[in-house]
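Chemist: Below is coords20.txt; it holds compact mmCIF, C-alpha atoms.
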# COMPACT_ATOMS: atom_id res chain seq x y z
CA MET A 135 22.76 -44.18 141.34
CA PHE A 136 22.89 -42.71 137.86
CA ARG A 137 20.73 -40.29 135.90
CA PHE A 138 20.85 -37.66 133.15
CA ALA A 139 20.09 -34.01 133.86
CA HIS A 140 18.86 -33.53 130.29
CA PRO A 141 17.80 -36.98 129.04
CA GLU A 142 15.93 -35.48 126.08
CA LEU A 143 19.29 -34.66 124.45
CA LEU A 144 20.05 -38.39 124.15
CA TYR A 145 17.71 -38.43 121.15
CA LEU A 146 20.62 -36.84 119.28
CA LEU A 147 22.29 -40.29 119.28
CA ILE A 148 20.05 -41.11 116.32
CA ILE A 149 22.54 -39.07 114.30
CA ILE A 150 25.16 -41.83 114.66
CA PRO A 151 23.34 -44.61 112.73
CA LEU A 152 22.30 -42.05 110.12
CA LEU A 153 25.94 -41.07 109.63
CA ILE A 154 26.92 -44.75 109.33
CA VAL A 155 24.36 -45.28 106.57
CA PHE A 156 25.56 -42.12 104.82
CA TYR A 157 29.21 -43.22 105.10
CA VAL A 158 28.52 -46.72 103.72
CA VAL A 159 26.64 -45.24 100.75
CA MET A 160 29.46 -42.79 99.98
CA VAL A 161 32.17 -45.48 100.22
CA ASN A 162 30.27 -47.76 97.86
CA ARG A 163 29.82 -44.92 95.37
CA LYS A 164 33.50 -44.16 95.57
CA LYS A 165 34.46 -47.79 94.93
CA LYS A 166 32.07 -47.96 91.98
CA ALA A 167 33.57 -44.78 90.56
CA ILE A 168 37.07 -46.28 90.79
CA ALA A 169 35.88 -49.55 89.28
CA GLU A 170 34.66 -47.67 86.21
CA PHE A 171 38.28 -46.82 85.38
CA GLY A 172 39.47 -50.42 85.52
CA ASN A 173 40.38 -53.30 87.80
CA PRO A 174 40.74 -51.89 91.35
CA GLU A 175 43.70 -54.23 92.06
CA LEU A 176 45.55 -52.87 89.05
CA LEU A 177 44.68 -49.29 89.95
CA LYS A 178 46.30 -49.65 93.38
CA SER A 179 49.72 -49.19 91.83
CA LEU A 180 48.50 -45.88 90.39
CA MET A 181 47.23 -44.75 93.82
CA PRO A 182 49.97 -45.82 96.25
CA LEU A 183 48.91 -43.25 98.87
CA GLN A 184 45.22 -44.17 98.86
CA SER A 185 43.99 -46.00 102.02
CA PHE A 186 40.37 -46.92 102.58
CA LYS A 187 41.10 -48.35 106.02
CA ARG A 188 42.56 -45.07 107.28
CA GLY A 189 39.41 -43.27 106.19
CA ALA A 190 37.30 -45.87 107.96
CA TRP A 191 39.28 -45.49 111.18
CA LYS A 192 38.94 -41.70 111.02
CA PHE A 193 35.19 -42.09 110.60
CA VAL A 194 35.00 -44.48 113.58
CA MET A 195 36.90 -41.97 115.73
CA ILE A 196 34.43 -39.22 114.75
CA LEU A 197 31.47 -41.44 115.68
CA VAL A 198 32.98 -42.35 119.05
CA ALA A 199 33.77 -38.70 119.75
CA LEU A 200 30.22 -37.70 118.80
CA PHE A 201 28.82 -40.36 121.12
CA PHE A 202 30.77 -39.08 124.12
CA VAL A 203 29.92 -35.44 123.37
CA ILE A 204 26.18 -36.16 123.16
CA VAL A 205 26.27 -38.17 126.38
CA GLY A 206 28.29 -35.38 128.01
CA VAL A 207 25.88 -32.56 127.10
CA SER A 208 23.01 -34.74 128.36
CA GLY A 209 24.39 -34.18 131.85
CA PRO A 210 25.34 -37.57 133.31
CA GLN A 211 25.18 -37.55 137.09
CA PHE A 212 26.53 -40.31 139.30
CA GLY A 213 26.04 -41.22 142.91
CA SER A 214 23.89 -39.51 145.49
CA LYS A 215 24.47 -37.78 148.77
CA LEU A 216 21.73 -37.52 151.36
CA GLN A 217 21.44 -34.15 153.07
CA GLN A 218 19.11 -32.74 155.64
CA VAL A 219 17.98 -29.20 154.98
CA GLN A 220 16.29 -27.18 157.69
CA LYS A 221 14.44 -23.99 156.88
CA GLN A 222 13.44 -21.47 159.48
CA GLY A 223 10.99 -18.69 158.85
CA ILE A 224 7.43 -17.49 159.36
CA GLU A 225 4.14 -17.89 157.53
CA LEU A 226 2.73 -14.79 155.85
CA MET A 227 -0.69 -14.31 154.23
CA VAL A 228 -1.37 -11.25 152.08
CA ALA A 229 -5.03 -10.21 151.85
CA LEU A 230 -5.40 -7.97 148.80
CA ASP A 231 -8.48 -5.87 148.10
CA VAL A 232 -9.62 -6.24 144.47
CA SER A 233 -12.83 -4.22 144.67
CA ASN A 234 -13.55 -1.59 142.03
CA SER A 235 -12.44 1.21 144.34
CA MET A 236 -8.88 -0.15 144.10
CA MET A 237 -8.83 1.09 140.51
CA ALA A 238 -8.84 4.71 141.71
CA GLN A 239 -5.80 6.57 140.46
CA ASP A 240 -4.88 8.81 143.38
CA ILE A 241 -1.94 6.39 143.69
CA LYS A 242 -0.32 5.80 140.31
CA PRO A 243 -0.91 3.91 138.10
CA ASN A 244 -3.78 2.85 140.35
CA ARG A 245 -4.15 1.47 143.86
CA LEU A 246 -4.32 -2.18 142.80
CA GLU A 247 -1.37 -2.15 140.39
CA LYS A 248 0.76 -0.22 142.88
CA ALA A 249 -0.05 -2.80 145.56
CA LYS A 250 0.76 -5.70 143.21
CA MET A 251 4.14 -4.20 142.32
CA ALA A 252 4.99 -3.74 145.99
CA ILE A 253 3.96 -7.33 146.84
CA ALA A 254 6.14 -8.66 144.00
CA ARG A 255 9.15 -6.76 145.36
CA MET A 256 8.43 -8.05 148.85
CA VAL A 257 8.23 -11.66 147.66
CA GLU A 258 11.65 -11.28 146.02
CA LYS A 259 13.10 -10.34 149.42
CA LEU A 260 11.61 -13.27 151.31
CA SER A 261 13.95 -16.05 152.36
CA ASN A 262 12.65 -19.41 153.62
CA ASP A 263 9.36 -17.82 154.72
CA LYS A 264 6.07 -19.21 153.46
CA VAL A 265 3.68 -16.86 151.68
CA GLY A 266 0.08 -17.11 150.53
CA MET A 267 -2.52 -14.75 149.10
CA VAL A 268 -6.19 -14.07 149.63
CA VAL A 269 -8.14 -11.74 147.34
CA PHE A 270 -11.33 -10.12 148.49
CA ALA A 271 -14.07 -7.71 147.53
CA GLY A 272 -17.65 -8.57 148.57
CA ASP A 273 -16.34 -12.07 149.35
CA ALA A 274 -12.90 -13.60 149.88
CA TYR A 275 -11.05 -16.37 148.01
CA VAL A 276 -7.66 -18.05 148.38
CA GLN A 277 -5.62 -16.99 145.37
CA LEU A 278 -2.44 -18.82 146.43
CA PRO A 279 -2.18 -21.47 149.18
CA ILE A 280 0.68 -21.03 151.64
CA THR A 281 3.94 -21.97 149.89
CA THR A 282 7.67 -21.34 149.56
CA ASP A 283 7.41 -21.33 145.78
CA TYR A 284 8.03 -17.63 145.19
CA SER A 285 7.94 -17.98 141.41
CA SER A 286 4.39 -19.30 141.61
CA ALA A 287 3.51 -16.50 144.01
CA LYS A 288 4.57 -13.86 141.49
CA LEU A 289 2.81 -15.70 138.67
CA PHE A 290 -0.49 -15.81 140.58
CA LEU A 291 -0.01 -12.19 141.62
CA SER A 292 0.39 -11.02 138.02
CA ASN A 293 -3.00 -12.51 137.10
CA ILE A 294 -4.97 -10.70 139.82
CA THR A 295 -7.58 -8.22 138.57
CA THR A 296 -10.83 -6.79 139.90
CA ASP A 297 -12.56 -9.70 138.12
CA ALA A 298 -10.97 -12.18 140.54
CA VAL A 299 -13.96 -11.82 142.87
CA PRO A 300 -17.37 -11.69 141.18
CA VAL A 301 -19.15 -10.09 144.14
CA GLN A 302 -18.31 -6.41 144.62
CA GLY A 303 -17.92 -4.77 148.02
CA THR A 304 -15.16 -4.75 150.66
CA ALA A 305 -15.47 -7.59 153.17
CA ILE A 306 -12.24 -7.13 155.12
CA GLY A 307 -13.46 -9.31 158.00
CA ALA A 308 -14.13 -12.25 155.68
CA ALA A 309 -10.65 -11.86 154.20
CA ILE A 310 -9.02 -11.92 157.65
CA ASP A 311 -11.03 -14.99 158.69
CA LEU A 312 -10.13 -16.86 155.49
CA ALA A 313 -6.45 -15.88 155.72
CA ALA A 314 -6.34 -17.10 159.33
CA LYS A 315 -7.69 -20.50 158.21
CA SER A 316 -5.14 -20.73 155.36
CA PHE A 317 -2.04 -21.14 157.51
CA THR A 318 -0.46 -24.56 157.99
CA PRO A 319 -2.56 -26.24 160.70
CA GLN A 320 -1.14 -27.42 164.01
CA THR A 321 2.16 -25.58 163.80
CA GLU A 322 3.86 -23.20 166.22
CA THR A 323 5.17 -21.09 163.36
CA SER A 324 4.97 -17.32 163.73
CA LYS A 325 2.12 -16.06 161.56
CA ALA A 326 1.20 -12.67 160.15
CA ILE A 327 -1.49 -11.25 157.87
CA ILE A 328 -1.02 -8.12 155.77
CA VAL A 329 -4.28 -6.53 154.70
CA ILE A 330 -3.89 -4.19 151.72
CA THR A 331 -7.02 -2.15 151.05
CA ASP A 332 -8.49 1.34 150.86
CA GLY A 333 -10.45 0.48 154.03
CA GLU A 334 -13.96 1.19 152.74
CA ASN A 335 -15.51 -1.69 154.66
CA HIS A 336 -19.28 -1.79 154.71
CA GLN A 337 -20.09 -5.48 155.08
CA ASP A 338 -18.70 -7.03 158.28
CA ASP A 339 -16.88 -6.40 161.54
CA ALA A 340 -13.24 -6.43 160.46
CA VAL A 341 -12.00 -5.37 163.90
CA ALA A 342 -13.68 -8.35 165.53
CA ALA A 343 -12.13 -10.62 162.87
CA ALA A 344 -8.71 -9.17 163.67
CA ARG A 345 -9.24 -9.89 167.38
CA ARG A 346 -10.21 -13.49 166.62
CA ALA A 347 -7.13 -13.97 164.47
CA HIS A 348 -4.87 -12.45 167.13
CA GLU A 349 -6.27 -14.85 169.72
CA GLN A 350 -4.83 -17.58 167.50
CA GLY A 351 -1.39 -15.98 167.67
CA ILE A 352 -1.63 -14.16 164.34
CA THR A 353 -0.37 -10.60 163.94
CA ILE A 354 -2.45 -8.34 161.67
CA HIS A 355 -0.81 -5.51 159.71
CA THR A 356 -2.73 -3.11 157.49
CA ILE A 357 -1.71 -0.91 154.57
CA GLY A 358 -4.02 1.87 153.45
CA MET A 359 -4.11 2.34 149.70
CA GLY A 360 -5.27 5.84 148.82
CA LEU A 361 -4.77 9.51 149.58
CA GLU A 362 -6.77 11.81 151.83
CA GLN A 363 -8.49 13.63 148.96
CA GLY A 364 -9.49 10.34 147.32
CA ALA A 365 -10.21 9.84 143.62
CA PRO A 366 -13.07 8.81 141.32
CA ILE A 367 -13.37 5.17 140.25
CA PRO A 368 -12.84 4.60 136.51
CA VAL A 369 -15.39 2.55 134.59
CA GLN A 370 -13.57 -0.39 132.99
CA GLY A 371 -13.59 -0.32 129.21
CA GLN A 372 -14.84 3.27 129.09
CA PRO A 373 -11.88 5.68 129.16
CA GLY A 374 -12.66 8.99 130.81
CA GLN A 375 -15.84 7.65 132.44
CA PHE A 376 -16.26 7.30 136.22
CA MET A 377 -18.70 5.47 138.45
CA LYS A 378 -21.71 7.47 139.66
CA ASP A 379 -24.19 7.04 142.46
CA GLY A 380 -27.95 6.82 142.12
CA ALA A 381 -28.22 10.63 141.96
CA GLY A 382 -25.81 10.83 139.04
CA ASN A 383 -22.89 12.17 141.09
CA VAL A 384 -19.37 10.87 140.52
CA VAL A 385 -18.35 8.54 143.36
CA VAL A 386 -15.10 9.56 145.04
CA SER A 387 -13.33 6.72 146.87
CA LYS A 388 -11.48 7.89 149.97
CA LEU A 389 -9.15 6.06 152.31
CA ASP A 390 -10.76 4.98 155.59
CA GLU A 391 -7.73 5.24 157.83
CA GLN A 392 -9.59 4.90 161.11
CA THR A 393 -10.89 1.44 160.25
CA LEU A 394 -7.46 0.22 159.19
CA GLN A 395 -5.84 1.65 162.31
CA ASP A 396 -8.41 -0.12 164.48
CA ILE A 397 -7.80 -3.41 162.66
CA ALA A 398 -4.04 -3.13 163.14
CA LYS A 399 -4.49 -2.24 166.81
CA ALA A 400 -6.76 -5.25 167.38
CA GLY A 401 -4.19 -7.50 165.69
CA GLU A 402 -1.25 -5.81 167.49
CA GLY A 403 0.32 -5.00 164.15
CA LEU A 404 1.32 -1.88 162.25
CA TYR A 405 -0.74 0.45 160.12
CA ILE A 406 1.03 2.13 157.20
CA ARG A 407 -0.46 4.53 154.68
CA ALA A 408 0.77 4.09 151.14
CA SER A 409 1.81 6.95 148.92
CA ASN A 410 2.94 7.47 145.35
CA THR A 411 6.56 6.98 146.44
CA GLU A 412 6.16 3.83 148.54
CA VAL A 413 3.55 1.35 149.69
CA GLY A 414 5.21 0.48 152.98
CA LEU A 415 5.74 -3.24 152.54
CA ASN A 416 9.49 -2.81 153.08
CA ARG A 417 8.82 -1.39 156.53
CA LEU A 418 6.49 -4.26 157.29
CA LEU A 419 9.06 -6.75 156.02
CA ASP A 420 11.57 -5.37 158.53
CA GLU A 421 8.98 -5.87 161.24
CA ILE A 422 8.21 -9.38 160.03
CA ASN A 423 11.90 -10.30 159.98
CA ARG A 424 12.03 -9.46 163.69
CA MET A 425 9.41 -12.10 164.41
CA GLU A 426 10.58 -15.36 165.91
CA LYS A 427 11.67 -17.82 163.25
CA THR A 428 10.68 -21.43 163.67
CA LEU A 429 11.46 -24.65 161.81
CA LEU A 430 9.22 -24.68 158.75
CA GLU A 431 10.36 -27.84 157.06
CA GLU A 432 13.08 -30.41 157.03
CA LYS A 433 14.04 -32.04 153.74
CA VAL A 434 16.16 -35.05 152.89
CA TYR A 435 17.23 -35.09 149.27
CA SER A 436 19.84 -36.58 146.97
CA ASP A 437 22.68 -34.47 145.67
CA TYR A 438 24.05 -35.79 142.37
CA ALA A 439 27.63 -35.21 141.28
CA GLU A 440 28.09 -33.86 137.74
CA LYS A 441 30.31 -36.10 135.55
CA TYR A 442 29.76 -34.55 132.14
CA GLN A 443 33.34 -33.29 131.99
CA TYR A 444 34.76 -36.82 131.72
CA PHE A 445 32.60 -37.60 128.69
CA LEU A 446 33.51 -34.32 127.01
CA LEU A 447 37.22 -34.98 127.62
CA ALA A 448 36.82 -38.44 126.09
CA GLY A 449 35.14 -36.85 123.09
CA LEU A 450 38.01 -34.39 122.68
CA PHE A 451 40.51 -37.26 122.96
CA PHE A 452 38.91 -39.19 120.08
CA ILE A 453 38.71 -36.01 117.99
CA PHE A 454 42.47 -35.60 118.57
CA VAL A 455 43.08 -39.24 117.56
CA GLU A 456 41.03 -38.70 114.38
CA PHE A 457 43.11 -35.63 113.59
CA MET A 458 46.36 -37.57 114.05
CA ILE A 459 45.30 -40.36 111.67
CA LEU A 460 46.21 -39.22 108.17
CA GLY A 461 43.66 -39.93 105.45
CA ARG A 462 46.40 -40.86 102.98
CA LYS A 463 49.67 -42.67 103.38
CA ASN A 464 52.75 -40.51 103.91
CA LYS A 465 55.46 -40.91 101.24
CA ARG A 466 58.18 -40.78 103.87
CA PHE A 467 56.73 -43.78 105.70
CA LEU A 468 55.87 -46.03 102.75
CA HIS A 469 58.76 -48.34 103.61
CA ILE A 470 57.91 -48.54 107.27
CA HIS A 471 55.74 -51.59 107.83
CA ILE A 472 53.66 -50.58 110.85
CA PHE A 473 50.52 -50.79 108.70
CA LYS A 474 51.87 -53.55 106.47
CA LYS A 475 49.24 -56.13 107.33
CA SER A 476 46.43 -53.62 106.88
CA ASP A 477 47.77 -52.36 103.55
CA GLU A 478 48.12 -55.89 102.23
CA GLN A 479 44.47 -56.53 102.96
CA GLN A 480 43.56 -53.45 100.92
Written as structure tokens, how would this file's structure read?

Modeler:
Amino acid sequence: MFRFAHPELLYLLIIIPLLIVFYVVMVNRKKKAIAEFGNPELLKSLMPLQSFKRGAWKFVMILVALFFVIVGVSGPQFGSKLQQVQKQGIELMVALDVSNSMMAQDIKPNRLEKAKMAIARMVEKLSNDKVGMVVFAGDAYVQLPITTDYSSAKLFLSNITTDAVPVQGTAIGAAIDLAAKSFTPQTETSKAIIVITDGENHQDDAVAAARRAHEQGITIHTIGMGLEQGAPIPVQGQPGQFMKDGAGNVVVSKLDEQTLQDIAKAGEGLYIRASNTEVGLNRLLDEINRMEKTLLEEKVYSDYAEKYQYFLLAGLFFIFVEFMILGRKNKRFLHIHIFKKSDEQQ
């Protein structure tokens, strides 16, 4: 089997016919210029060292060298080797609160951005595990289906804002239910959900949702985003302005630790309170790494052997040959008849 790693570079081969056309035009101009001085056959005696054929051979060597170099940089790959790759790990769903209260700045720069930075660092430390994301506020949505594509995970994560969910609120139970349904079906893989929120749940029974998920073999961990004293919620697009209640008082969002502790207890997981120094995902990752690893996937793929070096060596060889061919005849070898037949034809 044969393929090119960078087939688009083969378009550079168009340079070769262009150079041929250019060379033919230049040779014809040169012959016409000589003919203007007189009969070319008579002028040969005045230019005993001139050799058109040597120049032509040098040009051919350059073209051949260029061909091999272009093919070489295009990454020719030969053969294939079938391999079986087994990956063992767990499946992990992150449920991230994107309600307006997550914009509070008691944790810098704000609760949501701090959580996103911690998730990105956690994803970088994953190995073979599958990860997915659910975002929630008054409702819950799958932001990233379960995957081992960590680059995509970080890309989706970077685009998360409080606008990701149009309905405001904090429906932690709905997020847990949706995350539990988002795992790969009919697998015995160890599963865990990490709920990252300030815990201000007013819409459903999150503890009951955690119990239902745990009955399915899913461990529920919670991380509380926020400090005890809480913080006002900034109004987006209005610097220095904060959300107010119906009486005109500034709303202060505080962490509801008790709810998050109850959720973690129901899911037999850990509860960790975030701070300005750390979010706690590293501690959870250590706990997750202690979970039983199971076979996630088995792949059979072709491994191609790189052969570009042979083409580049061939290119260097023809460049060396071109260098060794002199453009003009050497006075010392005029009487040596190695090129006699060629010279007579000139």

Chemist: Within 6 Å of segment 192-204 of chain A, counting all atoms listed in the file, which residues qualify if same-chain residues fewer than 5 places away don't, as a list in words?

Modeler: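 Once the nearby chain positions are removed, what remains is Phe445, Leu446, Gly449, Phe452, Ile453 and Glu456 of chain A.
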
Chemist: Mind dumping the selected residues with C-alpha atoms as a JSON list (two decimals), in the coordinates of the input?

Modeler:
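Saved file result_1.json follows:
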[["chain", "number", "residue", "atom", "x", "y", "z"],
["A", 445, "PHE", "CA", 32.60, -37.60, 128.69],
["A", 446, "LEU", "CA", 33.51, -34.32, 127.01],
["A", 449, "GLY", "CA", 35.14, -36.85, 123.09],
["A", 452, "PHE", "CA", 38.91, -39.19, 120.08],
["A", 453, "ILE", "CA", 38.71, -36.01, 117.99],
["A", 456, "GLU", "CA", 41.03, -38.70, 114.38]]

Chemist: Quick one: contact table of segment 230-276 of chain A to segment 333-348 of chain A, 10 Å max, nearest atom pair and distance in Å to one decimal per residue, counting only C-alpha atoms, chain and number order, as a Markdown table?

Modeler:
| residue | atom | partner | partner_atom | distance |
| --- | --- | --- | --- | --- |
| A:Asp231 | CA | A:Gly333 | CA | 8.9 |
| A:Ser233 | CA | A:Glu334 | CA | 9.8 |
| A:Ser235 | CA | A:Glu334 | CA | 8.5 |
| A:Ala271 | CA | A:Asn335 | CA | 9.4 |
| A:Gly272 | CA | A:Gln337 | CA | 7.6 |
| A:Asp273 | CA | A:Gln337 | CA | 9.5 |

Chemist: Write out as a PDB file with C-alpha atoms, in the coordinates of the input the residues lying within 12 Å of Met237 of chain A, counting all atoms listed in the file and excluding same-chain residues fewer than 3 positions away.

Modeler:
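Once written, selection-v4.pdb looks like this:
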ATOM      1  CA  ASP A 231      -8.480  -5.870 148.100  1.00  0.00           C
ATOM      2  CA  VAL A 232      -9.620  -6.240 144.470  1.00  0.00           C
ATOM      3  CA  SER A 233     -12.830  -4.220 144.670  1.00  0.00           C
ATOM      4  CA  ASN A 234     -13.550  -1.590 142.030  1.00  0.00           C
ATOM      5  CA  ASP A 240      -4.880   8.810 143.380  1.00  0.00           C
ATOM      6  CA  ILE A 241      -1.940   6.390 143.690  1.00  0.00           C
ATOM      7  CA  LYS A 242      -0.320   5.800 140.310  1.00  0.00           C
ATOM      8  CA  PRO A 243      -0.910   3.910 138.100  1.00  0.00           C
ATOM      9  CA  ASN A 244      -3.780   2.850 140.350  1.00  0.00           C
ATOM     10  CA  ARG A 245      -4.150   1.470 143.860  1.00  0.00           C
ATOM     11  CA  LEU A 246      -4.320  -2.180 142.800  1.00  0.00           C
ATOM     12  CA  GLU A 247      -1.370  -2.150 140.390  1.00  0.00           C
ATOM     13  CA  LYS A 248       0.760  -0.220 142.880  1.00  0.00           C
ATOM     14  CA  ALA A 249      -0.050  -2.800 145.560  1.00  0.00           C
ATOM     15  CA  THR A 295      -7.580  -8.220 138.570  1.00  0.00           C
ATOM     16  CA  THR A 296     -10.830  -6.790 139.900  1.00  0.00           C
ATOM     17  CA  ASP A 297     -12.560  -9.700 138.120  1.00  0.00           C
ATOM     18  CA  THR A 331      -7.020  -2.150 151.050  1.00  0.00           C
ATOM     19  CA  ASP A 332      -8.490   1.340 150.860  1.00  0.00           C
ATOM     20  CA  MET A 359      -4.110   2.340 149.700  1.00  0.00           C
ATOM     21  CA  GLY A 360      -5.270   5.840 148.820  1.00  0.00           C
ATOM     22  CA  GLY A 364      -9.490  10.340 147.320  1.00  0.00           C
ATOM     23  CA  ALA A 365     -10.210   9.840 143.620  1.00  0.00           C
ATOM     24  CA  PRO A 366     -13.070   8.810 141.320  1.00  0.00           C
ATOM     25  CA  ILE A 367     -13.370   5.170 140.250  1.00  0.00           C
ATOM     26  CA  PRO A 368     -12.840   4.600 136.510  1.00  0.00           C
ATOM     27  CA  VAL A 369     -15.390   2.550 134.590  1.00  0.00           C
ATOM     28  CA  GLN A 370     -13.570  -0.390 132.990  1.00  0.00           C
ATOM     29  CA  PHE A 376     -16.260   7.300 136.220  1.00  0.00           C
ATOM     30  CA  MET A 377     -18.700   5.470 138.450  1.00  0.00           C
ATOM     31  CA  VAL A 386     -15.100   9.560 145.040  1.00  0.00           C
ATOM     32  CA  SER A 387     -13.330   6.720 146.870  1.00  0.00           C
ATOM     33  CA  LYS A 388     -11.480   7.890 149.970  1.00  0.00           C
TER      34      LYS A 388
END

Chemist: Of the candidates A:Pro279, A:Gly223, A:Gly371, A:Gly213, which one gets nearest to Ile422 of chain A if we count only C-alpha atoms?

Modeler: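 Under the stated criterion, the closest residue is A:Gly223.
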
Chemist: Provide an axis-aligned box for all listed atoms of segment 140-150 of chain A, padding each side by 4 Å; report its centre and its edge lengths in Å to one decimal, as lines of an AutoDock Vina configuration file.

Modeler:
center_x = 20.5
center_y = -37.7
center_z = 122.3
size_x = 17.2
size_y = 16.3
size_z = 24.0
